[in-house]
Each structure stands twice: as C-alpha cells, then as structure tokens.
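**Student:** Okay, handing you the structure first.
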Protein chains: 2
Amino acid sequence: MGKQVTEMLKGTLEGIVLAILSGRPAYGYEITAWLRDQGFSDIAEGTVYALLVRIERRGLVDVEKVPSEKGPPRKVYSLNAQGREYLEEFWRTWSFLTERLEKLREGGK
Amino acid sequence: MGKQVTEMLKGTLEGIVLAILSGRPAYGYEITAWLRDQGFSDIAEGTVYALLVRIERRGLVDVEKVPSEKGPPRKVYSLNAQGREYLEEFWRTWSFLTERLEKLREGGK
DNA sequence: TCGGCTATTCAGTGTTGCTAGATACCGGTA
DNA sequence: TACCGGTATCTAGCAACACTGAATAGCCGA
C-alpha cells in the first residue's frame, strides 16, 4: 500500500500479531498469509518472523515446534500470561491514539 | 507514556502535525506545547522540529518567518495544496488501519 | 530431476522518534 | 553589569522497527 502504511505499522504490527495470537496459536507463515488476506498486501515475509523472534525474546509468547505434513516443522506461537497483559496495554495505548486522532479529524473539517 | 506510544507515533505523528496545520498555521514551539497539552506528555522538543524540516523539504507546507515579541523569530508553517492531498491520503490509510484493528479487537473477546 | 509450495532465518537498508546539548532573543532581578 | 528563566530553533548520534533480497530446507507431483 505504500510508505505511509509501512511507517504506521511500526509499533502497531506487533499489537496486531499479539491480537491474532490471543485468539488461537499460530505460526509465522500462517500469520503472514492471513495478514495479506486481510488487505495488508505487502507485508514482507521476513517482517513477521523477525517480529515473532522479538516477542519471544521478550517472553510474551510460548513456542512449540510442530511437524508439518507439507514442509519443514512449524514454530507455533501462543500468547502467555505476560503477553496478554502486554496486549491489554497495547489496546489502551491504541485507544489513546485513536481518540486524539478522531478529535483532530473532526476539528479539521 | 512509554515505548509503545513512541513506536506507534512513527508515521502517525506526521499526520497529527499535518492535521493541526490544516486547521491553522502554527510554529514548532506552539505545536509541541499543544501536543503536550493533549496528553502526548513526552513528545520531545526536537522531534517536532525535525518533523517540520522533513515535511517542508517534501513540499507539504509553506513557511514564513515571523518576528516574536518574546524571543527569536518564529517559523510559521502552513499546509499547502500538496500537503492537503497528502493529509487526505493519511486519513485513508489511518481508516484502513483502524478498521482492521477494530475487527481484531472484537474478534479477540 | 526439477519446479513449486510450505516454512524459517538473516544481513543490510531507510525512516522515524528520542536524547542531549548548543544557540539565540528577550525581560526581570540582584 | 551579570544572571536566570521563558521563548524559539537546530543538530549529531542513537535505538527500534519494517522492508529488501537472498539463503536454507522439507515435501510432492510432473
């Protein structure tokens, strides 16, 4: 979609992925495919994997290696307690931002 | 407010400043003060100035130097036609993001 | 054997906001 | 005079993040 989305995704993509994982465990390839399906047409393959490594290192997710019938083993990520807490904080921050922007948008008309 | 906001502001702050300028011309110091007032408590002084330089270089704003009674001259920025166009695109991108996230938020409950 | 799909990893790049400090103009006060 | 606080801008260096592009690896069908 262009550079604007790319910049806006910084900080948000992390929340998006955590939100996905809050619904059900998932692995990188799957998440990327889902995102593309949802209109994030040019999310790069590598981006999601790097993000997953990051949130794993921070202890927000648990990982399990699961064999796949169709290729190399999958690394299935699931949100743990700390991750859920972090996700809630993400939603609070997100709400804060959207409120300010909504006001600005109305004021600007 | 913490690191989450910092990351989320990347890409968004630019739109915020453009939105402010769409209402009325303003200068850096003023914008920073207004942002802090609106709850962006730790927007750094330098951040806004750097952003203004950037959007000026991209031709989104016009600049006028205006003497101040209380200090060095102000650089007053105003949104031009190209800036307005860019701002509209920003709002479209922003809407796209908020829609996806709203869906995710509801789905996750 | 080769190409295509599944699946992950990694080094290098550009953009962005923050840190921390310098510079400058002005008024009031000791 | 000398100093300080408020106004106002600018800059170099840093950290975090998403993207680029490529490599690696397992599986299956032609």
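So you can find residues: chains in the structure tokens are A, B, ... in the order shown, residues in each start at 1, and ligands are numbered from 1 in order.
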Excluding DG4 in chain C and residues on its chain fewer than 2 positions from it, collect all residues at most 12 Å away from it, counting only C-alpha atoms (C1' of nucleotides), and give them as a PyMOL selection string.

**Tutor:** (chain C and resi 2+6) or (chain D and resi 27-30)

**Student:** Could you write out the selected residues, including C-alpha atoms (C1' of nucleotides), as a PDB file, in the first residue's frame?

**Tutor:**
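Writing the result to again.pdb gives the following:
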ATOM      1  C1'  DC C   2      13.233 -30.110 -11.469  1.00  0.00           C
ATOM      2  C1'  DT C   6       5.472 -24.809   2.536  1.00  0.00           C
TER       3       DT C   6
ATOM      4  C1'  DC D  27       7.842 -32.259   0.784  1.00  0.00           C
ATOM      5  C1'  DC D  28       5.282 -33.607  -3.506  1.00  0.00           C
ATOM      6  C1'  DG D  29       3.936 -34.085  -8.302  1.00  0.00           C
ATOM      7  C1'  DA D  30       5.297 -33.793 -13.226  1.00  0.00           C
TER       8       DA D  30
END

**Student:** Please write out chain B, superposed on chain A by least squares over all C-alpha atoms matched in order, as a tab-separated table (two decimals) with C-alpha atoms, in the first residue's frame.

**Tutor:**
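The resulting selection.tsv:
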chain	number	residue	atom	x	y	z
B	1	MET	CA	0.13	0.01	0.02
B	2	GLY	CA	2.96	2.41	0.22
B	3	LYS	CA	5.25	4.10	2.65
B	4	GLN	CA	2.57	5.61	4.87
B	5	VAL	CA	1.33	2.21	5.96
B	6	THR	CA	4.85	0.97	6.50
B	7	GLU	CA	5.58	3.73	8.96
B	8	MET	CA	2.24	3.43	10.69
B	9	LEU	CA	2.75	-0.30	11.12
B	10	LYS	CA	5.77	0.36	13.27
B	11	GLY	CA	4.57	-0.36	16.73
B	12	THR	CA	1.16	-1.46	15.50
B	13	LEU	CA	2.09	-4.65	13.72
B	14	GLU	CA	3.33	-6.05	16.98
B	15	GLY	CA	-0.06	-5.46	18.54
B	16	ILE	CA	-1.79	-6.92	15.53
B	17	VAL	CA	0.18	-10.15	15.75
B	18	LEU	CA	-0.36	-10.39	19.49
B	19	ALA	CA	-4.08	-9.86	18.92
B	20	ILE	CA	-4.12	-12.68	16.38
B	21	LEU	CA	-2.33	-14.95	18.82
B	22	SER	CA	-4.79	-14.07	21.55
B	23	GLY	CA	-7.46	-15.80	19.52
B	24	ARG	CA	-5.52	-18.96	18.74
B	25	PRO	CA	-1.95	-20.21	18.47
B	26	ALA	CA	-0.40	-19.73	15.05
B	27	TYR	CA	2.88	-19.94	13.15
B	28	GLY	CA	4.69	-17.38	11.03
B	29	TYR	CA	3.77	-18.48	7.57
B	30	GLU	CA	0.13	-18.71	8.55
B	31	ILE	CA	0.10	-15.26	10.12
B	32	THR	CA	1.69	-13.67	7.07
B	33	ALA	CA	-0.83	-15.31	4.77
B	34	TRP	CA	-3.70	-14.16	6.97
B	35	LEU	CA	-2.42	-10.59	7.06
B	36	ARG	CA	-2.14	-10.49	3.28
B	37	ASP	CA	-5.65	-11.80	3.08
B	38	GLN	CA	-6.84	-8.99	5.32
B	39	GLY	CA	-5.50	-6.33	3.00
B	40	PHE	CA	-1.97	-5.87	4.32
B	41	SER	CA	-0.95	-6.73	0.84
B	42	ASP	CA	2.74	-6.11	1.07
B	43	ILE	CA	3.69	-7.32	4.48
B	44	ALA	CA	7.07	-8.87	3.82
B	45	GLU	CA	7.67	-12.49	4.67
B	46	GLY	CA	10.68	-11.76	6.82
B	47	THR	CA	8.96	-9.03	8.79
B	48	VAL	CA	6.66	-11.37	10.66
B	49	TYR	CA	9.42	-13.81	11.49
B	50	ALA	CA	11.62	-11.08	12.89
B	51	LEU	CA	8.72	-9.81	14.96
B	52	LEU	CA	8.00	-13.28	16.32
B	53	VAL	CA	11.60	-13.70	17.35
B	54	ARG	CA	11.40	-10.38	19.15
B	55	ILE	CA	8.26	-11.09	21.12
B	56	GLU	CA	9.56	-14.51	22.01
B	57	ARG	CA	12.76	-13.03	23.37
B	58	ARG	CA	10.67	-10.66	25.45
B	59	GLY	CA	8.75	-13.56	26.92
B	60	LEU	CA	5.33	-12.61	25.57
B	61	VAL	CA	4.72	-15.92	23.80
B	62	ASP	CA	5.37	-19.61	24.24
B	63	VAL	CA	6.70	-21.65	21.32
B	64	GLU	CA	6.18	-25.23	20.26
B	65	LYS	CA	7.74	-26.99	17.30
B	66	VAL	CA	5.15	-28.98	15.39
B	67	PRO	CA	5.93	-31.22	12.40
B	68	SER	CA	4.15	-30.37	9.17
B	69	GLU	CA	2.97	-32.76	6.49
B	70	LYS	CA	3.95	-30.35	3.79
B	71	GLY	CA	7.34	-29.00	4.66
B	72	PRO	CA	9.74	-28.17	7.44
B	73	PRO	CA	8.42	-28.12	11.02
B	74	ARG	CA	6.29	-25.18	12.11
B	75	LYS	CA	7.02	-22.99	15.07
B	76	VAL	CA	3.64	-22.48	16.68
B	77	TYR	CA	3.40	-19.44	18.94
B	78	SER	CA	0.83	-18.92	21.66
B	79	LEU	CA	0.22	-15.91	23.87
B	80	ASN	CA	1.11	-16.40	27.53
B	81	ALA	CA	0.02	-14.45	30.62
B	82	GLN	CA	2.66	-11.79	30.17
B	83	GLY	CA	1.72	-11.44	26.54
B	84	ARG	CA	-1.92	-10.94	27.43
B	85	GLU	CA	-0.98	-8.22	29.85
B	86	TYR	CA	1.14	-6.54	27.22
B	87	LEU	CA	-1.68	-6.80	24.71
B	88	GLU	CA	-4.07	-5.07	27.08
B	89	GLU	CA	-1.62	-2.24	27.46
B	90	PHE	CA	-1.36	-2.09	23.70
B	91	TRP	CA	-5.11	-1.66	23.42
B	92	ARG	CA	-5.08	1.12	25.99
B	93	THR	CA	-2.34	2.94	24.09
B	94	TRP	CA	-4.16	2.36	20.82
B	95	SER	CA	-7.39	3.78	22.26
B	96	PHE	CA	-5.54	6.84	23.45
B	97	LEU	CA	-4.18	7.44	19.97
B	98	THR	CA	-7.46	6.86	18.15
B	99	GLU	CA	-9.30	9.22	20.47
B	100	ARG	CA	-6.85	12.07	19.84
B	101	LEU	CA	-6.92	11.48	16.12
B	102	GLU	CA	-10.68	11.29	15.98
B	103	LYS	CA	-10.88	14.66	17.66
B	104	LEU	CA	-8.35	16.10	15.25
B	105	ARG	CA	-10.21	14.72	12.30
B	106	GLU	CA	-13.48	16.27	13.36
B	107	GLY	CA	-11.89	19.57	14.26
B	108	GLY	CA	-10.28	19.77	10.85
B	109	LYS	CA	-13.55	19.76	8.96

**Student:** For chain B, work out the contacting residues on chain C at 9 Å, counting only C-alpha atoms (C1' of nucleotides), and write them as a PyMOL selection string.

**Tutor:** chain C and resi 15-19+24-27

**Student:** Using DSSP assignments from the backbone, pull out every residue in range 2-107 of chain A that falls under alpha helix (DSSP H) and give it to me as a PyMOL selection string.

**Tutor:** chain A and resi 3-9+12-23+28-37+45-57+81-107

**Student:** Write down, as a list in words, each residue of chain D that has any atom within 8 Å of an atom of chain B, counting only C-alpha atoms (C1' of nucleotides).

**Tutor:**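 Within 8 Å of chain B on chain D, we get DT7, DA8, DT9, DC10, DA16 and DC17 of chain D.
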
**Student:** Record the distance separating C1' of DC19 in chain D and C1' of DG3 in chain C, expressed in Å with one decimal.

**Tutor:**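 About the pair C1' of DC19 in chain D and C1' of DG3 in chain C: they are 27.1 Å apart.
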
**Student:** Restricting the calculation to only C-alpha atoms (C1' of nucleotides), which member of C:DT1, C:DG12, C:DT23, C:DA7 is positioned closest to DA22 in chain D?

**Tutor:** C:DG12

**Student:** Report the residues of chain B whose backbone DSSP state falls under strand (DSSP E or B), written as a ChimeraX atom specification.

**Tutor:** /B:26-27,61-66,74-79
